[in-house]
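Engineer: A single structure is presented below for examination.
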Amino acid sequence: MGQILSVVSLGKMTKISQSRKIVGQGVLALSALVGLIIIPLIGIFSFEIARYQHGVNQLNANCDSAALAGAAMLVTSKYQRKQDRTKRFSEATKAAENAFKSTFNQTNAQLNDVLGSTLRSAVDVGKDGTLTLGTQPGDCTYKIQTVDPSNLNVVDPTDDKAKAIKVSAQFTARPAFSKFLGLGALVPIVSRAVAGIPVLDVVVCFDVSGSMDDSSRVAFVNRRFTIPKPESDQIEASYNSYLGSLQALQNYIGSSNYDPNVCAGYYNTALQKWNAYKTLRLTLADQKGKVEYGQVQVGTLADCLFNPLAPNGSPVNTRYPQNLNLVNWQKLQSNANPNLPAFNYAERLYQESGGTNPGAAPGNFACGGNLGPGYPSNYGCACPNAPTGFTDLIVKLDSTIVTNPVQPLFGSKAPQTPIAVHGFDKFTYVKKREPFKGHAYTFDGIGYLVEAERGNLEVSRFNQLKNNLFKNNIADGELPTQGKDGYQSAYFEMAEAYSQPISCTVDALQNFYQALNGAGADVHFGLVAFETQAAQGTPSVTDVAIPDIAFNMPVINPVNINTSSPNYPTPPPGPKKYPILRMPLQALKDPVNDLVPDPTDGTKPNLTMNDIFENYLTPLRSTNVPKALDDALDTLGNSPRKVYSRQCIILITDGIATVTMNGDPDNATSMAQSRQQAQRAKNAGVPIYTIGVGQNQAVEALQIPFLGDEFTSSPNGLASLSGNGARFFAVNRNSIVAPGGGQVNAISQAFLQVARSLVQLID
């Protein structure tokens, strides 16, 4: 029985086993069938997802690059004025379009493929158009809009809030296996990007050391009183006759048969001849005499002062404070131009202040006296002789001042355009700034320039001189017929435009500020000017008075070289201090139209930002780079960091660090301290963009290792040490383009390259 049960059980188990085997085979077969159908579908689906995502990434990349290109054009466009907003945004839109469609590409490489299709035929639907799905794979529509970066709302380009570029696109794609699967569906790929200047704090460290105007075209002028021939020959003959009678008197006094009565006759004869000479001189001076402006040295300021050119430049300046006393000190230096004339301090002091004739000869018949300010020492008589050296330094503004510079010029701006009236070089200048804004001033040659610089064409001073000293200059058309208040200020404005490289650099700063204003929704701007010291407050002035004979306030005793006077006068008391501009971080203003408080004197009328740059960025003395960087980093450190914000410093200089943090002359220590500040900047995440304005090869060779970046193989350059994407931009004389005429000079291009590097995607 048990065996029977066992056989039966075994049979059942065999059946069950066979049944399960059949089922298992069926499952395997079904699984294989499912695998053959479903798994490929899953693979196809996964491939399509990956392919679609790749297309999204490609379209995103094109929108990103287009938006960045458009935003970069916003800050580099030549159309930065408020009234040119439409032109600027038109340029930005075109740049974005070119980047999106790669129409700028000049190679066979295709930069803008999306899933194997080019975007060259993409259709612009207009800023107000609607993106649509195409009828064929590869079709693409796009639009470029201007937005307010603070909220990404689309606004019209004429709106002041339009400061960023938005690029939106829709690409038509077809799944790769759509035909295989019998599907004809087209799918959209949509992307957008917004780019502009991010939330930004930027501080510009601006070099106002004395060498910042060394490339200016100038003339050193000997201003003296002359009487032309043949009248001067008559005067000389009369004077020699007097000298003969004087010698006869002296000979008789020493004779053995001396008789007082006879001596009195010799004396009276000498006195009569002296009076005859003096009367003749004064008569002919009144009839024919006039002020002469002899150019004793011409060229760029560096050409005039140096031979060879000096890397560290000179603190002698084209505009006040001119520091003309230092010309004599420069003459002592080994690299001074051997033809450099001496500055005749005695004569200039006499002409500026009047008083006793500084060169009057001693004796009974000496002449001179207090004629008052404006008169040359040789106005009243022929003794002393005409003063030597030079008394004035003026900036070249018209072609009567001949220049033949050794070096090529910065900002080779043409002379003022003459007008078709009396005088070969007559032109009219209309003042751009207060005081006397909008007033027109006529200049006709070197006399106008010298007397305007001195303030002698202002009404009160001119009225004192017009009927005697200036009478014949006026008659000959060498000076105006009447004075006009504002002549001196008008000359300063013109001289500022011709003082180089400071003028090109100020132009560049103005363009940079305007570009930030036009492209930055939340940008704060600060400025630290620096020379021997950096600005330390608002207002800030030099720590000691700067010698400037033109202001009658020198504070150092000038070196006695080739002076025309044996009795060198003591300089009058000072001091005269000059502002060094410092502006704390503040929101941007329209630099042409918006008025802001004068940062140096609250009692003055409000100025525009451009007025502030032009009025207060004036060359002074040495180059304190470390203190400027220290102040800039302190300024940024005291500014609360915002989310997604960036901070940066822009350092522009025409040389290298020359004085320490304390203002002591020591190049090596100053550069070491500058590098310490660069390391501090790196730790704070602040890039230091450096712009080097090289005025000669010696300067350029020094700037590269001091200011350079990784691209100049300068590991110890300030840009390299600060890191965080900082760059060095070198600008030399030969790369400067004349300012004006809608052209942007090379320093502006360097500034704008910095601005381009600050552009980023903001959505």
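Residues are referred to by chain and number: the chain letter is A, B, ... according to the order shown in the structure tokens, the number counts from 1 in that chain, and ligands are numbered separately from 1 in the order shown.
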From a backbone DSSP assignment, name each residue in segment 82-141 of chain A labelled alpha helix (DSSP H), as a list of chain:residue names.
Structural biologist: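 For segment 82-141 of chain A, the alpha helix (DSSP H) set is A:Arg85, A:Thr86, A:Lys87, A:Arg88, A:Phe89, A:Ser90, A:Glu91, A:Ala92, A:Thr93, A:Lys94, A:Ala95, A:Ala96, A:Glu97, A:Asn98, A:Ala99, A:Phe100, A:Lys101.
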Engineer: How about saving the chosen residues, N, CA and C atoms kept, as an mmCIF file, in the first residue's frame?
Structural biologist:
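And here is the file that came out, selection.cif:
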```cif
data_model
loop_
_atom_site.group_PDB
_atom_site.id
_atom_site.type_symbol
_atom_site.label_atom_id
_atom_site.label_comp_id
_atom_site.auth_asym_id
_atom_site.auth_seq_id
_atom_site.Cartn_x
_atom_site.Cartn_y
_atom_site.Cartn_z
ATOM 1 N N ARG A 85 20.288 106.775 -26.314
ATOM 2 C CA ARG A 85 19.892 105.470 -25.782
ATOM 3 C C ARG A 85 19.377 104.547 -26.880
ATOM 4 N N THR A 86 18.573 105.082 -27.771
ATOM 5 C CA THR A 86 18.001 104.245 -28.827
ATOM 6 C C THR A 86 19.095 103.648 -29.693
ATOM 7 N N LYS A 87 20.108 104.450 -30.042
ATOM 8 C CA LYS A 87 21.217 103.946 -30.857
ATOM 9 C C LYS A 87 22.002 102.888 -30.097
ATOM 10 N N ARG A 88 22.208 103.129 -28.794
ATOM 11 C CA ARG A 88 22.991 102.180 -28.001
ATOM 12 C C ARG A 88 22.284 100.840 -27.910
ATOM 13 N N PHE A 89 20.997 100.858 -27.649
ATOM 14 C CA PHE A 89 20.267 99.595 -27.549
ATOM 15 C C PHE A 89 20.099 98.934 -28.914
ATOM 16 N N SER A 90 20.078 99.744 -29.966
ATOM 17 C CA SER A 90 20.057 99.159 -31.300
ATOM 18 C C SER A 90 21.345 98.394 -31.555
ATOM 19 N N GLU A 91 22.497 98.986 -31.155
ATOM 20 C CA GLU A 91 23.768 98.279 -31.280
ATOM 21 C C GLU A 91 23.778 97.006 -30.447
ATOM 22 N N ALA A 92 23.254 97.100 -29.221
ATOM 23 C CA ALA A 92 23.239 95.937 -28.338
ATOM 24 C C ALA A 92 22.363 94.832 -28.915
ATOM 25 N N THR A 93 21.222 95.218 -29.476
ATOM 26 C CA THR A 93 20.320 94.223 -30.085
ATOM 27 C C THR A 93 20.999 93.541 -31.262
ATOM 28 N N LYS A 94 21.705 94.332 -32.073
ATOM 29 C CA LYS A 94 22.401 93.758 -33.223
ATOM 30 C C LYS A 94 23.504 92.816 -32.779
ATOM 31 N N ALA A 95 24.243 93.196 -31.715
ATOM 32 C CA ALA A 95 25.298 92.327 -31.203
ATOM 33 C C ALA A 95 24.719 91.017 -30.688
ATOM 34 N N ALA A 96 23.590 91.108 -29.991
ATOM 35 C CA ALA A 96 22.940 89.898 -29.490
ATOM 36 C C ALA A 96 22.465 89.019 -30.641
ATOM 37 N N GLU A 97 21.898 89.645 -31.658
ATOM 38 C CA GLU A 97 21.431 88.894 -32.826
ATOM 39 C C GLU A 97 22.592 88.206 -33.535
ATOM 40 N N ASN A 98 23.702 88.936 -33.721
ATOM 41 C CA ASN A 98 24.860 88.340 -34.379
ATOM 42 C C ASN A 98 25.385 87.144 -33.602
ATOM 43 N N ALA A 99 25.421 87.285 -32.276
ATOM 44 C CA ALA A 99 25.903 86.177 -31.459
ATOM 45 C C ALA A 99 24.950 84.990 -31.532
ATOM 46 N N PHE A 100 23.659 85.257 -31.552
ATOM 47 C CA PHE A 100 22.675 84.171 -31.585
ATOM 48 C C PHE A 100 22.729 83.422 -32.919
ATOM 49 N N LYS A 101 22.886 84.176 -33.997
ATOM 50 C CA LYS A 101 22.883 83.558 -35.323
ATOM 51 C C LYS A 101 24.288 83.284 -35.850
#
```
Engineer: Could I get the residues of segment 609-656 of chain A with an atom no further than 10 Å from an atom of segment 717-733 of chain A, each paired with its nearest atom pair and that distance in Å to one decimal, using only C-alpha atoms, sorted by chain and residue number, as CSV?
Structural biologist:
```
residue,atom,partner,partner_atom,distance
A:Cys648,CA,A:Ala726,CA,8.7
A:Ile649,CA,A:Ala726,CA,9.2
A:Ile650,CA,A:Ala726,CA,9.3
A:Leu651,CA,A:Leu718,CA,9.4
A:Ile652,CA,A:Phe729,CA,9.5
A:Asp654,CA,A:Val731,CA,9.2
```
Engineer: Taking C-alpha atoms for each residue, export the selection above as a CSV table (one decimal), in the first residue's frame.
Structural biologist:
```csv
chain,number,residue,atom,x,y,z
A,648,CYS,CA,36.1,95.3,-7.7
A,649,ILE,CA,38.9,97.9,-7.9
A,650,ILE,CA,40.2,99.6,-11.0
A,651,LEU,CA,43.7,101.0,-10.7
A,652,ILE,CA,44.9,103.4,-13.4
A,654,ASP,CA,51.0,106.1,-15.8
```
Engineer: Could you pull out the strand (DSSP E or B) residues of segment 189-430 of chain A from DSSP and send them as a PyMOL selection string?
Structural biologist: chain A and resi 189-197+200-207+217-226+290-300+306+336+343+390+392-395+426-430
Engineer: For the residues in the current selection, export N, CA and C atoms as a compact mmCIF listing (two decimals), in the first residue's frame.
Structural biologist:
```txt
# COMPACT_ATOMS: atom_id res chain seq x y z
N ILE A 189 11.51 73.46 -28.28
CA ILE A 189 12.55 73.66 -27.28
C ILE A 189 12.59 75.16 -27.00
N VAL A 190 12.39 75.53 -25.77
CA VAL A 190 12.26 76.94 -25.41
C VAL A 190 13.38 77.33 -24.44
N SER A 191 13.93 78.53 -24.64
CA SER A 191 14.98 79.01 -23.75
C SER A 191 14.93 80.53 -23.67
N ARG A 192 15.54 81.07 -22.63
CA ARG A 192 15.68 82.52 -22.48
C ARG A 192 16.90 82.79 -21.60
N ALA A 193 17.44 84.01 -21.74
CA ALA A 193 18.56 84.43 -20.92
C ALA A 193 18.52 85.95 -20.77
N VAL A 194 18.93 86.43 -19.61
CA VAL A 194 19.02 87.87 -19.35
C VAL A 194 20.43 88.16 -18.85
N ALA A 195 21.07 89.17 -19.43
CA ALA A 195 22.44 89.51 -19.04
C ALA A 195 22.57 91.01 -18.85
N GLY A 196 23.46 91.40 -17.95
CA GLY A 196 23.73 92.81 -17.71
C GLY A 196 24.77 92.95 -16.63
N ILE A 197 24.96 94.17 -16.15
CA ILE A 197 25.87 94.41 -15.03
C ILE A 197 25.18 93.94 -13.76
N LEU A 200 26.80 95.69 -8.13
CA LEU A 200 28.24 95.93 -8.23
C LEU A 200 28.66 97.13 -7.38
N ASP A 201 29.76 96.96 -6.65
CA ASP A 201 30.47 98.06 -6.00
C ASP A 201 31.83 98.17 -6.68
N VAL A 202 32.13 99.32 -7.25
CA VAL A 202 33.40 99.50 -7.95
C VAL A 202 34.07 100.78 -7.46
N VAL A 203 35.34 100.68 -7.11
CA VAL A 203 36.13 101.85 -6.71
C VAL A 203 37.27 102.02 -7.69
N VAL A 204 37.39 103.21 -8.25
CA VAL A 204 38.48 103.53 -9.18
C VAL A 204 39.58 104.26 -8.42
N CYS A 205 40.79 103.74 -8.47
CA CYS A 205 41.97 104.42 -7.93
C CYS A 205 42.64 105.16 -9.08
N PHE A 206 42.61 106.48 -9.04
CA PHE A 206 43.00 107.32 -10.17
C PHE A 206 44.27 108.08 -9.85
N ASP A 207 45.30 107.85 -10.63
CA ASP A 207 46.61 108.47 -10.44
C ASP A 207 46.58 109.94 -10.86
N ARG A 217 51.79 119.05 -24.90
CA ARG A 217 52.57 119.95 -25.76
C ARG A 217 52.60 121.34 -25.12
N VAL A 218 53.78 121.87 -24.89
CA VAL A 218 53.90 123.11 -24.13
C VAL A 218 54.91 124.05 -24.78
N ALA A 219 54.89 125.28 -24.29
CA ALA A 219 55.93 126.25 -24.63
C ALA A 219 56.39 126.92 -23.35
N PHE A 220 57.72 127.00 -23.16
CA PHE A 220 58.31 127.80 -22.09
C PHE A 220 58.52 129.19 -22.67
N VAL A 221 57.98 130.20 -22.01
CA VAL A 221 57.92 131.54 -22.60
C VAL A 221 58.67 132.55 -21.74
N ASN A 222 59.50 133.35 -22.40
CA ASN A 222 60.15 134.49 -21.75
C ASN A 222 59.31 135.72 -22.05
N ARG A 223 58.59 136.19 -21.05
CA ARG A 223 57.71 137.35 -21.21
C ARG A 223 58.48 138.59 -20.78
N ARG A 224 58.70 139.53 -21.71
CA ARG A 224 59.48 140.72 -21.43
C ARG A 224 59.00 141.87 -22.30
N PHE A 225 59.50 143.06 -22.00
CA PHE A 225 59.09 144.25 -22.74
C PHE A 225 60.16 144.59 -23.78
N THR A 226 59.76 144.87 -25.01
CA THR A 226 60.71 145.15 -26.09
C THR A 226 60.30 146.40 -26.87
N LYS A 290 56.20 147.07 -26.66
CA LYS A 290 55.13 146.14 -26.31
C LYS A 290 55.71 144.90 -25.64
N VAL A 291 54.82 144.06 -25.14
CA VAL A 291 55.24 142.83 -24.49
C VAL A 291 55.60 141.80 -25.55
N GLU A 292 56.72 141.13 -25.35
CA GLU A 292 57.15 140.08 -26.27
C GLU A 292 57.04 138.73 -25.56
N TYR A 293 56.65 137.72 -26.33
CA TYR A 293 56.48 136.38 -25.78
C TYR A 293 57.43 135.44 -26.53
N GLY A 294 58.66 135.35 -26.06
CA GLY A 294 59.65 134.54 -26.73
C GLY A 294 59.58 133.09 -26.27
N GLN A 295 59.42 132.18 -27.24
CA GLN A 295 59.39 130.76 -26.90
C GLN A 295 60.82 130.25 -26.78
N VAL A 296 61.25 129.95 -25.56
CA VAL A 296 62.62 129.53 -25.34
C VAL A 296 62.75 128.00 -25.31
N GLN A 297 61.63 127.30 -25.25
CA GLN A 297 61.64 125.83 -25.31
C GLN A 297 60.25 125.35 -25.69
N VAL A 298 60.18 124.41 -26.63
CA VAL A 298 58.88 123.88 -27.05
C VAL A 298 58.98 122.37 -27.19
N GLY A 299 57.84 121.71 -27.17
CA GLY A 299 57.78 120.26 -27.28
C GLY A 299 56.80 119.72 -26.27
N THR A 300 56.86 118.41 -25.99
CA THR A 300 56.07 117.91 -24.87
C THR A 300 56.80 118.29 -23.59
N PHE A 306 63.50 116.54 -19.95
CA PHE A 306 64.39 115.39 -19.80
C PHE A 306 65.21 115.09 -21.05
N ALA A 336 68.56 115.69 -17.05
CA ALA A 336 67.87 116.87 -17.53
C ALA A 336 68.30 117.20 -18.96
N PHE A 343 64.14 128.62 -14.83
CA PHE A 343 62.95 129.39 -14.49
C PHE A 343 63.41 130.65 -13.76
N PHE A 390 63.00 131.69 -18.46
CA PHE A 390 61.59 131.77 -18.84
C PHE A 390 60.76 132.15 -17.63
N ASP A 392 57.02 131.82 -17.97
CA ASP A 392 55.69 131.22 -18.11
C ASP A 392 55.79 129.87 -18.79
N LEU A 393 54.89 128.97 -18.45
CA LEU A 393 54.74 127.70 -19.14
C LEU A 393 53.28 127.59 -19.56
N ILE A 394 53.04 127.52 -20.86
CA ILE A 394 51.66 127.43 -21.35
C ILE A 394 51.48 126.18 -22.19
N VAL A 395 50.24 125.72 -22.24
CA VAL A 395 49.89 124.53 -23.02
C VAL A 395 49.64 124.93 -24.45
N LYS A 426 43.26 132.76 -34.98
CA LYS A 426 42.20 133.27 -34.13
C LYS A 426 41.07 132.25 -34.03
N PHE A 427 40.65 131.97 -32.82
CA PHE A 427 39.54 131.05 -32.62
C PHE A 427 38.74 131.49 -31.40
N THR A 428 37.54 130.99 -31.32
CA THR A 428 36.65 131.33 -30.21
C THR A 428 36.34 130.06 -29.43
N TYR A 429 36.45 130.16 -28.13
CA TYR A 429 36.14 129.02 -27.25
C TYR A 429 34.94 129.38 -26.39
N VAL A 430 33.97 128.47 -26.34
CA VAL A 430 32.78 128.67 -25.51
C VAL A 430 32.93 127.81 -24.26
```
Engineer: Which residue, A:Gly663, A:Pro198, A:Pro435, A:Pro715, has the smallest gap to Leu607 of chain A when you use only C-alpha atoms?
Structural biologist: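 Closest to Leu607 of chain A of all the choices is A:Pro435.
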Engineer: Identify, on the basis of only C-alpha atoms, every residue whose closest approach to Ile656 of chain A does not exceed 10 Å; exclude the query and any residue fewer than 3 positions from it along the same chain; express the result as number ranges by chain.
Structural biologist: A: 311-312, 622-625, 653, 659, 667, 670-671, 674, 692, 699-700, 702-707
Engineer: Include C-alpha atoms and write out the residues we just selected as an mmCIF file, in the first residue's frame.
Structural biologist:
```cif
data_model
loop_
_atom_site.group_PDB
_atom_site.id
_atom_site.type_symbol
_atom_site.label_atom_id
_atom_site.label_comp_id
_atom_site.auth_asym_id
_atom_site.auth_seq_id
_atom_site.Cartn_x
_atom_site.Cartn_y
_atom_site.Cartn_z
ATOM 1 C CA PRO A 311 60.640 106.880 -16.138
ATOM 2 C CA ASN A 312 59.406 108.583 -12.980
ATOM 3 C CA SER A 622 54.371 111.514 -6.575
ATOM 4 C CA THR A 623 52.615 108.101 -6.814
ATOM 5 C CA ASN A 624 51.287 106.461 -3.630
ATOM 6 C CA VAL A 625 49.725 103.260 -4.987
ATOM 7 C CA THR A 653 48.420 104.831 -13.328
ATOM 8 C CA VAL A 659 56.241 106.513 -2.291
ATOM 9 C CA ASN A 667 60.142 102.626 -4.761
ATOM 10 C CA SER A 670 56.112 101.157 -2.015
ATOM 11 C CA MET A 671 55.828 98.294 -4.510
ATOM 12 C CA SER A 674 51.209 97.549 -2.998
ATOM 13 C CA GLY A 692 48.956 101.005 -17.270
ATOM 14 C CA VAL A 699 57.748 103.082 -18.135
ATOM 15 C CA GLU A 700 56.133 100.188 -19.989
ATOM 16 C CA LEU A 702 58.442 98.703 -15.356
ATOM 17 C CA GLN A 703 54.655 98.490 -15.443
ATOM 18 C CA ILE A 704 54.325 94.942 -16.783
ATOM 19 C CA PRO A 705 55.909 93.192 -13.774
ATOM 20 C CA PHE A 706 54.242 95.595 -11.332
ATOM 21 C CA LEU A 707 50.701 95.721 -12.743
#
```
Engineer: Between A:Lys273, A:Glu347, A:Pro605, A:Gln58, which residue has the minimum interatomic distance to Glu434 of chain A, considering only C-alpha atoms?
Structural biologist: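 Residue with the minimum atom-to-atom distance to Glu434 of chain A: A:Pro605.
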Engineer: Please provide the set of residues having any atom within 8 Å of Asp631 of chain A, restricted to only C-alpha atoms, with same-chain residues fewer than 3 positions apart removed, written as a PyMOL selection string.
Structural biologist: chain A and resi 528+534+536+627-628+634-635
Engineer: Quick one: of A:Lys143, A:Lys82, A:Arg120, A:Lys604, who's nearest to Ala67 of chain A, counting only C-alpha atoms?
Structural biologist: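 The answer is A:Lys143, which sits nearest to Ala67 of chain A.
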Engineer: Please provide the set of residues having any atom within 7 Å of Gly447 of chain A, restricted to only C-alpha atoms, with same-chain residues fewer than 4 positions apart removed, written as an NGL selection string.
Structural biologist: :A and (293 or 451 or 478-479)
Engineer: If you keep N, CA and C atoms, can you produce a file of those selected residues as a tab-separated table (two decimals), in the first residue's frame?
Structural biologist:
```
chain	number	residue	atom	x	y	z
A	293	TYR	N	56.65	137.72	-26.33
A	293	TYR	CA	56.48	136.38	-25.78
A	293	TYR	C	57.43	135.44	-26.53
A	451	GLU	N	48.59	135.82	-21.27
A	451	GLU	CA	47.91	136.80	-20.41
A	451	GLU	C	46.62	136.21	-19.82
A	478	GLU	N	47.60	141.81	-31.10
A	478	GLU	CA	48.19	140.71	-30.35
A	478	GLU	C	47.48	140.46	-29.02
A	479	LEU	N	46.65	141.42	-28.61
A	479	LEU	CA	45.84	141.28	-27.40
A	479	LEU	C	44.47	141.88	-27.68
```
Engineer: Which is closer to Thr660 of chain A than all the others in A:Asp476, A:Gln170, A:Thr532, A:Asn638, using only C-alpha atoms?
Structural biologist: A:Thr532
